[in-house]
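Trainee: Next comes the structure file upload_11.cif, holding mmCIF, C-alpha atoms and all ligand atoms.
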```cif
data_upload
#
loop_
_atom_site.label_atom_id
_atom_site.label_comp_id
_atom_site.auth_asym_id
_atom_site.auth_seq_id
_atom_site.Cartn_x
_atom_site.Cartn_y
_atom_site.Cartn_z
CA MET T 1158 121.24 111.51 107.87
CA VAL T 1159 118.41 111.43 105.35
CA THR T 1160 119.07 111.34 101.59
CA ASN T 1161 116.20 111.93 99.18
CA LEU T 1162 117.38 110.58 95.83
CA SER T 1163 114.58 112.42 94.02
CA ALA T 1164 116.15 115.76 94.94
CA THR T 1165 117.86 115.61 91.54
CA HIS T 1166 116.65 114.01 88.32
CA SER T 1167 118.10 110.63 87.39
CA LEU T 1168 116.90 107.32 85.95
CA LEU T 1169 115.78 106.56 89.51
CA THR T 1170 113.16 109.36 89.44
CA ASN T 1171 111.80 107.79 86.24
CA TRP T 1172 111.44 104.40 87.93
CA ILE T 1173 109.81 105.98 91.01
CA SER T 1174 107.36 107.72 88.68
CA GLU T 1175 106.49 104.34 87.08
CA ILE T 1176 105.86 102.50 90.37
CA ARG T 1177 103.45 105.31 91.37
CA ASN T 1178 101.59 105.29 88.03
CA THR T 1179 98.28 103.32 88.09
CA GLU T 1180 98.57 102.61 84.35
CA VAL T 1181 102.04 101.08 84.68
CA GLN T 1182 101.14 99.29 87.94
CA THR T 1183 98.95 96.81 86.02
CA ASP T 1184 102.21 95.21 84.85
CA ARG T 1185 103.28 93.34 88.02
CA MET T 1186 106.58 92.22 86.53
CA ARG T 1187 107.53 95.82 85.68
CA PHE T 1188 106.54 96.93 89.20
CA ARG T 1189 108.83 94.30 90.75
CA ARG T 1190 111.65 95.00 88.31
CA ASN T 1191 111.43 98.75 88.95
CA LEU T 1192 111.73 98.13 92.70
CA GLU T 1193 114.73 95.93 91.93
CA ARG T 1194 116.31 98.66 89.79
CA ILE T 1195 115.69 101.21 92.57
CA GLY T 1196 117.51 98.81 94.94
CA GLU T 1197 120.39 98.58 92.48
CA ALA T 1198 120.69 102.38 92.12
CA ILE T 1199 120.56 102.92 95.88
CA ALA T 1200 123.14 100.16 96.42
CA PHE T 1201 125.49 102.09 94.13
CA GLU T 1202 124.89 105.36 96.05
CA ILE T 1203 125.45 103.65 99.43
CA SER T 1204 128.61 101.95 98.18
CA LYS T 1205 130.26 105.37 97.68
CA THR T 1206 130.00 106.00 101.45
CA LEU T 1207 131.22 102.61 102.73
CA PRO T 1208 134.70 101.91 104.10
CA TRP T 1209 137.11 100.70 101.41
CA GLU T 1210 140.67 99.52 101.22
CA GLU T 1211 143.38 99.20 98.62
CA LYS T 1212 144.14 95.71 97.37
CA GLU T 1213 146.95 94.58 95.07
CA ILE T 1214 145.35 92.84 92.11
CA GLN T 1215 147.41 90.75 89.73
CA THR T 1216 146.39 91.43 86.11
CA PRO T 1217 147.87 89.45 83.20
CA LEU T 1218 150.28 92.40 82.67
CA GLY T 1219 151.08 93.67 86.13
CA ILE T 1220 149.80 94.72 89.54
CA HIS T 1221 146.91 97.17 90.04
CA LEU T 1222 146.18 98.87 93.36
CA SER T 1223 142.36 98.61 93.41
CA LYS T 1224 139.84 100.28 95.73
CA VAL T 1225 137.54 97.55 97.11
CA LEU T 1226 134.96 97.26 99.91
CA ALA T 1227 136.72 96.78 103.27
CA GLN T 1228 133.88 94.49 104.39
CA GLN T 1229 130.68 93.02 102.98
CA PRO T 1230 127.41 94.41 104.37
CA VAL T 1231 124.48 92.40 105.74
CA LEU T 1232 121.35 92.98 103.66
CA ALA T 1233 118.12 92.62 105.65
CA THR T 1234 114.59 92.98 104.40
CA ILE T 1235 111.01 92.79 105.61
CA LEU T 1236 108.74 90.20 104.01
CA ARG T 1237 106.94 90.28 101.77
CA ALA T 1238 107.01 93.64 99.93
CA GLY T 1239 110.74 94.00 100.63
CA LEU T 1240 111.76 91.09 98.39
CA PRO T 1241 112.22 92.87 95.01
CA LEU T 1242 114.04 95.85 96.58
CA HIS T 1243 116.25 93.39 98.49
CA GLN T 1244 117.02 91.51 95.27
CA GLY T 1245 118.16 94.77 93.67
CA LEU T 1246 120.52 95.51 96.58
CA LEU T 1247 121.80 91.92 96.44
CA ASN T 1248 122.42 92.17 92.68
CA TYR T 1249 125.02 94.85 93.44
CA PHE T 1250 126.27 93.79 96.90
CA ASP T 1251 126.51 90.28 95.47
CA LYS T 1252 128.75 88.88 98.22
CA ALA T 1253 126.62 90.17 101.11
CA ASP T 1254 125.18 88.11 103.94
CA ASN T 1255 121.41 88.29 104.29
CA ALA T 1256 118.73 88.57 106.96
CA PHE T 1257 114.97 88.18 106.66
CA ILE T 1258 112.23 89.40 108.96
CA SER T 1259 108.50 88.95 108.63
CA ALA T 1260 106.56 91.97 109.82
CA TYR T 1261 103.10 92.80 108.63
CA ARG T 1262 100.56 95.40 109.58
CA LYS T 1263 97.60 93.55 111.10
CA HIS T 1264 94.63 95.88 110.68
CA ARG T 1265 91.87 96.19 113.28
CA ARG T 1266 88.23 97.00 112.45
CA ASP T 1267 88.68 100.62 113.60
CA GLY T 1268 91.41 101.19 110.98
CA SER T 1269 94.32 101.06 113.44
CA PHE T 1270 96.93 98.30 113.14
CA GLU T 1271 99.60 96.48 115.06
CA ILE T 1272 102.87 95.04 113.73
CA ASN T 1273 103.06 91.24 113.80
CA LEU T 1274 106.63 89.97 113.74
CA GLU T 1275 106.79 86.19 113.54
CA TYR T 1276 110.04 85.22 111.79
CA LEU T 1277 113.62 86.41 111.90
CA SER T 1278 116.70 84.82 110.39
CA ALA T 1279 119.95 86.80 110.63
CA PRO T 1280 123.71 86.30 110.88
CA SER T 1281 125.63 88.04 113.68
CA LEU T 1282 125.41 91.80 113.13
CA GLU T 1283 128.19 92.65 115.57
CA ASP T 1284 130.39 95.35 113.96
CA ARG T 1285 128.76 94.70 110.57
CA ILE T 1286 127.26 97.24 108.17
CA LEU T 1287 123.52 96.60 108.21
CA ILE T 1288 121.38 97.67 105.21
CA LEU T 1289 117.68 97.16 106.00
CA SER T 1290 115.26 97.63 103.11
CA ASP T 1291 111.50 98.00 102.82
CA PRO T 1292 109.90 99.76 99.84
CA MET T 1293 107.42 101.72 101.98
CA LEU T 1294 108.35 103.66 105.11
CA ALA T 1295 104.88 104.87 106.14
CA THR T 1296 104.35 105.25 109.90
CA GLY T 1297 107.79 103.67 110.41
CA SER T 1298 106.32 101.05 112.81
CA SER T 1299 107.46 98.03 110.72
CA LEU T 1300 111.04 99.29 110.41
CA VAL T 1301 111.27 100.21 114.09
CA ALA T 1302 109.90 96.76 115.09
CA ALA T 1303 112.39 95.10 112.71
CA LEU T 1304 115.34 97.10 114.07
CA GLN T 1305 114.31 96.29 117.66
CA ALA T 1306 114.17 92.59 116.80
CA LEU T 1307 117.56 92.71 115.04
CA LYS T 1308 119.18 94.13 118.21
CA ASP T 1309 119.42 90.56 119.58
CA SER T 1310 121.76 89.69 116.67
CA GLY T 1311 124.46 92.19 117.73
CA ASN T 1312 125.44 95.83 117.45
CA PRO T 1313 126.08 96.94 113.84
CA SER T 1314 128.85 99.45 113.09
CA GLN T 1315 126.53 101.28 110.68
CA ILE T 1316 122.79 101.08 109.96
CA HIS T 1317 121.39 102.09 106.57
CA ILE T 1318 117.65 102.10 105.87
CA VAL T 1319 116.54 101.89 102.23
CA SER T 1320 113.02 102.71 101.08
CA ALA T 1321 111.51 103.49 97.69
CA ILE T 1322 108.94 105.93 99.09
CA ALA T 1323 108.96 107.30 102.63
CA ALA T 1324 106.56 109.55 104.53
CA SER T 1325 108.20 112.37 106.43
CA VAL T 1326 106.41 111.43 109.70
CA GLY T 1327 107.71 107.86 109.38
CA ILE T 1328 111.26 109.11 108.88
CA GLU T 1329 110.90 111.33 111.96
CA TYR T 1330 109.69 108.33 114.00
CA VAL T 1331 112.64 106.13 112.96
CA VAL T 1332 115.10 108.94 113.71
CA ARG T 1333 113.41 109.56 117.10
CA GLU T 1334 113.73 105.87 118.03
CA PHE T 1335 117.21 105.14 116.64
CA GLY T 1336 118.92 108.51 116.52
CA GLU T 1337 120.87 110.42 113.93
CA ARG T 1338 123.46 107.67 113.53
CA ILE T 1339 121.11 105.93 111.11
CA TYR T 1340 121.48 106.67 107.38
CA ILE T 1341 118.11 106.77 105.60
CA TRP T 1342 118.12 106.48 101.80
CA CYS T 1343 114.76 107.26 100.15
CA GLY T 1344 113.80 107.04 96.49
CA ASP T 1345 111.36 109.85 97.30
CA ILE T 1346 109.67 111.49 100.29
CA ASP T 1347 105.93 112.28 100.52
CA ASP T 1348 104.31 114.48 103.16
CA GLU T 1349 100.95 112.83 103.88
CA LEU T 1350 99.55 109.65 105.44
CA THR T 1351 95.92 108.52 105.36
CA ALA T 1352 94.12 107.63 108.63
CA LYS T 1353 94.94 103.98 107.81
CA GLY T 1354 98.64 104.75 107.45
CA TYR T 1355 98.93 104.76 103.64
CA ILE T 1356 101.34 107.21 102.03
CA VAL T 1357 99.76 110.00 99.92
CA PRO T 1358 100.28 110.25 97.00
CA GLY T 1359 102.52 107.19 97.55
CA LEU T 1360 101.76 104.27 95.28
CA GLY T 1361 99.14 102.15 97.08
CA ASP T 1362 99.96 98.74 98.58
CA ALA T 1363 103.45 97.69 97.53
CA GLY T 1364 103.05 94.05 98.62
CA ASP T 1365 99.79 93.63 96.70
CA LEU T 1366 101.18 95.35 93.59
CA ALA T 1367 104.25 93.11 93.57
CA PHE T 1368 102.64 89.80 94.52
CA GLY T 1369 98.83 90.13 94.38
CA PRO T 1370 96.18 90.82 96.99
CA LYS T 1371 96.22 89.00 100.32
CA THR T 1372 93.26 88.15 102.54
CA GLN T 1373 93.13 89.88 105.91
CA PHE T 1374 92.99 87.51 108.89
O1 LIG P 1401 105.83 102.07 108.02
P1 LIG P 1401 104.65 101.19 108.27
O2 LIG P 1401 103.42 101.98 108.67
O3 LIG P 1401 104.92 100.08 109.22
O4 LIG P 1401 104.20 100.57 106.87
C1 LIG P 1401 105.07 100.04 105.97
C2 LIG P 1401 104.91 98.55 105.86
O5 LIG P 1401 103.72 98.22 105.15
C3 LIG P 1401 104.04 97.34 104.08
O6 LIG P 1401 103.98 96.02 104.44
P2 LIG P 1401 102.60 95.26 104.76
O7 LIG P 1401 102.32 95.24 106.21
O8 LIG P 1401 101.52 95.81 103.89
O9 LIG P 1401 102.92 93.76 104.40
P3 LIG P 1401 103.24 93.06 103.01
O10 LIG P 1401 104.68 93.26 102.77
O11 LIG P 1401 102.92 91.63 103.26
O12 LIG P 1401 102.38 93.66 101.95
C4 LIG P 1401 105.44 97.77 103.73
O13 LIG P 1401 106.13 96.83 102.98
C5 LIG P 1401 106.05 98.03 105.07
O14 LIG P 1401 106.59 96.86 105.66
O1 LIG P 1402 101.38 103.46 101.54
C1 LIG P 1402 101.69 102.35 102.01
C2 LIG P 1402 101.86 102.16 103.39
C3 LIG P 1402 102.21 100.93 103.84
N1 LIG P 1402 102.35 99.92 102.96
C4 LIG P 1402 102.19 100.09 101.64
O2 LIG P 1402 102.35 99.15 100.86
N2 LIG P 1402 101.85 101.30 101.19
MG MG P 1403 101.45 95.45 101.80
#
```
Rewrite the structure from the file as structure tokens, please.
Mentor:
Amino acid sequence: MVTNLSATHSLLTNWISEIRNTEVQTDRMRFRRNLERIGEAIAFEISKTLPWEEKEIQTPLGIHLSKVLAQQPVLATILRAGLPLHQGLLNYFDKADNAFISAYRKHRRDGSFEINLEYLSAPSLEDRILILSDPMLATGSSLVAALQALKDSGNPSQIHIVSAIAASVGIEYVVREFGERIYIWCGDIDDELTAKGYIVPGLGDAGDLAFGPKTQF
């Protein structure tokens, strides 16, 4: 199931508009904080769909039957651009376990690229709710490589993908590879990709905007 959170206006559409805006992008701290806020807003939306249970809570004056999460999710992200979005999700799912994967697009001279995956640290995912975040879902190759790698850590009961901006072809690729049982939460969805796999209009390079340019090697 794919949810485009820009289908209706909210504060989130304002933050998405700011991360796209070249004038606002010069403020790196605001770019990171906006990604964090987008993570927070999406965490809240996801939380409404997660299994919950009733728990008797002792207040100073009596007992309250509270609705609480039945289990904590595992929050996974893809280094490096995923870090601020991950922090936003973790601000709200503050008791979650965490997983980190390094996957970067190594570009060849002809403009094509391959995904290099060199690091993975994850708890057991068996029967857990996995929430995997990456701000940009472009071709979908990084997310598919990350999900393949996470398979060795167990079979999650639910998989949620969180991205700030996704390209429709990338969404189709992830759904083709992992089926309809995946929930995809997008801040917004764009229709175009450049020949080098950048989302149009997108926002540019999320990792560089959050943390500064990197040298290609
Ligand atoms: O859907 P895809 O076509 O795979 O592209 C999306 C990937 O590109 C970006 O990372 P990048 O490789 O630029 O690394 P970075 O996080 O170090 O900037 C982004 O954070 C995704 O991981
Ligand atoms: O548009 C894109 C595509 C991949 N990675 C980015 O940071 N931006
Ligand atoms: Mg990048």
Trainee: List all protein, DNA and RNA residues that have an atom no more than 10 Å from any atom of ligand MG 1403 (chain P), counting all atoms listed in the file, and report them as a list in words.
Mentor: Leu1236, Arg1237, Ala1238, Gly1239, Tyr1261, Arg1262, Pro1292, Met1293, Tyr1355, Gly1361, Asp1362, Ala1363, Gly1364, Asp1365, Leu1366, Ala1367, Phe1368, Gly1369, Pro1370 and Lys1371 of chain T
Trainee: Compare T:Val1159, T:Leu1222, T:Ala1260, T:Cys1343 by their minimum atom-to-atom distance to ligand LIG 1401 (chain P), counting all atoms listed in the file, and give me the closest one.
Mentor: T:Ala1260
Trainee: To one decimal in Å, tell me the separation between CA of Leu1169 in chain T and atom O4 of ligand LIG 1401 (chain P).
Mentor: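 Between CA of Leu1169 in chain T and atom O4 of ligand LIG 1401 (chain P) the gap is 21.7 Å.
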Trainee: Have a look at T:Leu1226, T:Ile1341, T:Ala1306, T:Ile1322 and name the one nearest to ligand LIG 1402 (chain P); count all atoms listed in the file.
Mentor: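 Looking at the shortest contact to ligand LIG 1402 (chain P), the residue is T:Ile1322.
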Trainee: For a quick check of understanding, using all atoms listed in the file, which of T:Tyr1276, T:Ser1223, T:Glu1337, T:Glu1197 has the smallest distance to Ser1290 in chain T?
Mentor: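 Closest to Ser1290 in chain T, using all atoms listed in the file: T:Glu1197.
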Trainee: Calculated over only C-alpha atoms and all ligand atoms, which of the candidates T:Ile1258, T:Ile1356, T:Ile1214, T:Leu1242 has the smallest distance to ligand LIG 1402 (chain P)?
Mentor: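 Among the listed residues, T:Ile1356 lies closest to ligand LIG 1402 (chain P).
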Trainee: Using Å and a single decimal, report how far CA of Met1186 in chain T sits from atom O8 of ligand LIG 1401 (chain P).
Mentor: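 Going from atom O8 of ligand LIG 1401 (chain P) over to CA of Met1186 in chain T, I get 18.4 Å.
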Trainee: In Å, how far is it from atom O8 of ligand LIG 1401 (chain P) to CA of Thr1372 in chain T?
Mentor: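 Taking atom O8 of ligand LIG 1401 (chain P) as the start and CA of Thr1372 in chain T as the end point, the length is 11.3 Å.
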Trainee: Could the residues of range 1250-1368 of chain T that have an atom at most 10 Å from range 1228-1234 of chain T be listed as a tab-separated table, each with its closest atom pair and the distance in Å to one decimal, counting all atoms listed in the file and ordered by chain and ascending residue number?
Mentor:
```
residue	atom	partner	partner_atom	distance
T:Phe1250	CA	T:Gln1229	CA	7.6
T:Asp1251	CA	T:Gln1229	CA	9.0
T:Lys1252	CA	T:Gln1229	CA	6.6
T:Ala1253	CA	T:Gln1229	CA	5.3
T:Asp1254	CA	T:Val1231	CA	4.7
T:Asn1255	CA	T:Leu1232	CA	4.7
T:Ala1256	CA	T:Ala1233	CA	4.3
T:Phe1257	CA	T:Thr1234	CA	5.3
T:Ile1258	CA	T:Thr1234	CA	6.3
T:Ser1259	CA	T:Thr1234	CA	8.4
T:Ala1260	CA	T:Thr1234	CA	9.7
T:Leu1277	CA	T:Ala1233	CA	9.9
T:Ser1278	CA	T:Ala1233	CA	9.2
T:Ala1279	CA	T:Ala1233	CA	7.9
T:Pro1280	CA	T:Val1231	CA	8.0
T:Ser1281	CA	T:Val1231	CA	9.1
T:Leu1282	CA	T:Val1231	CA	7.5
T:Arg1285	CA	T:Pro1230	CA	6.4
T:Ile1286	CA	T:Pro1230	CA	4.7
T:Leu1287	CA	T:Val1231	CA	5.0
T:Ile1288	CA	T:Leu1232	CA	4.9
T:Leu1289	CA	T:Ala1233	CA	4.6
T:Ser1290	CA	T:Thr1234	CA	4.9
T:Asp1291	CA	T:Thr1234	CA	6.1
T:Pro1292	CA	T:Thr1234	CA	9.4
T:Leu1300	CA	T:Thr1234	CA	9.4
T:Ala1303	CA	T:Thr1234	CA	8.9
T:Leu1304	CA	T:Ala1233	CA	9.9
T:Leu1307	CA	T:Ala1233	CA	9.4
T:Pro1313	CA	T:Val1231	CA	9.4
T:Gln1315	CA	T:Pro1230	CA	9.4
T:Ile1316	CA	T:Val1231	CA	9.8
T:His1317	CA	T:Leu1232	CA	9.6
T:Ile1318	CA	T:Ala1233	CA	9.5
T:Val1319	CA	T:Thr1234	CA	9.4
```
Trainee: Identify which of the residues T:Glu1202, T:Glu1180, T:Glu1271, T:Glu1213 lies closest to Gly1354 in chain T, counting all atoms listed in the file when measuring atom-to-atom distances.
Mentor: T:Glu1271
Trainee: Considering only C-alpha atoms and all ligand atoms, state which residue in the set T:Leu1162, T:Ala1295, T:Ile1176, T:Leu1192 is at the smallest distance from ligand LIG 1401 (chain P).
Mentor: T:Ala1295
Trainee: Determine the axis-aligned bounding box of all atoms of range 1192-1209 of chain T present in the file, pad each side by 6 Å, and express its centre and edge lengths in Å to one decimal place as JSON.
Mentor:
```
{"center_x": 124.4, "center_y": 101.0, "center_z": 96.9, "size_x": 37.4, "size_y": 22.1, "size_z": 26.3}
```
Trainee: Got a sec: who's within 8 Å of Gly1245 in chain T, counting only C-alpha atoms, leaving out chain neighbours fewer than 3 positions off, as a VMD selection string?
Mentor: chain T and resid 1192 to 1197 1200 1241 to 1242 1248 to 1249
Trainee: Give me the residues near Ala1324 in chain T as an NGL selection string, where near means some atom within 10 Å (using all atoms listed in the file) and where sequence neighbours in that chain fewer than 4 positions away do not count.
Mentor: :T and (1293-1297 or 1328-1329 or 1343 or 1345-1350 or 1354-1359)
Trainee: Range 1253-1274 of chain T from the block above, C-alpha atoms, as an mmCIF file, in the first residue's frame, please?
Mentor:
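Okay, result29.cif is ready:
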```
data_model
loop_
_atom_site.group_PDB
_atom_site.id
_atom_site.type_symbol
_atom_site.label_atom_id
_atom_site.label_comp_id
_atom_site.auth_asym_id
_atom_site.auth_seq_id
_atom_site.Cartn_x
_atom_site.Cartn_y
_atom_site.Cartn_z
ATOM 1 C CA ALA T 1253 12.559 1.434 19.237
ATOM 2 C CA ASP T 1254 15.486 -0.815 18.389
ATOM 3 C CA ASN T 1255 17.645 0.390 15.513
ATOM 4 C CA ALA T 1256 19.434 -0.946 12.445
ATOM 5 C CA PHE T 1257 21.932 0.786 10.165
ATOM 6 C CA ILE T 1258 22.963 -0.076 6.636
ATOM 7 C CA SER T 1259 25.482 1.658 4.431
ATOM 8 C CA ALA T 1260 24.445 1.710 0.793
ATOM 9 C CA TYR T 1261 25.663 4.268 -1.662
ATOM 10 C CA ARG T 1262 25.272 4.728 -5.371
ATOM 11 C CA LYS T 1263 28.738 4.306 -6.905
ATOM 12 C CA HIS T 1264 28.600 6.146 -10.225
ATOM 13 C CA ARG T 1265 30.407 4.920 -13.341
ATOM 14 C CA ARG T 1266 31.801 7.224 -16.049
ATOM 15 C CA ASP T 1267 28.867 6.432 -18.364
ATOM 16 C CA GLY T 1268 26.378 7.796 -15.787
ATOM 17 C CA SER T 1269 25.140 4.386 -14.632
ATOM 18 C CA PHE T 1270 25.708 3.290 -11.029
ATOM 19 C CA GLU T 1271 25.853 0.254 -8.802
ATOM 20 C CA ILE T 1272 24.838 -0.008 -5.144
ATOM 21 C CA ASN T 1273 27.725 -0.606 -2.739
ATOM 22 C CA LEU T 1274 26.592 -2.121 0.541
#
```
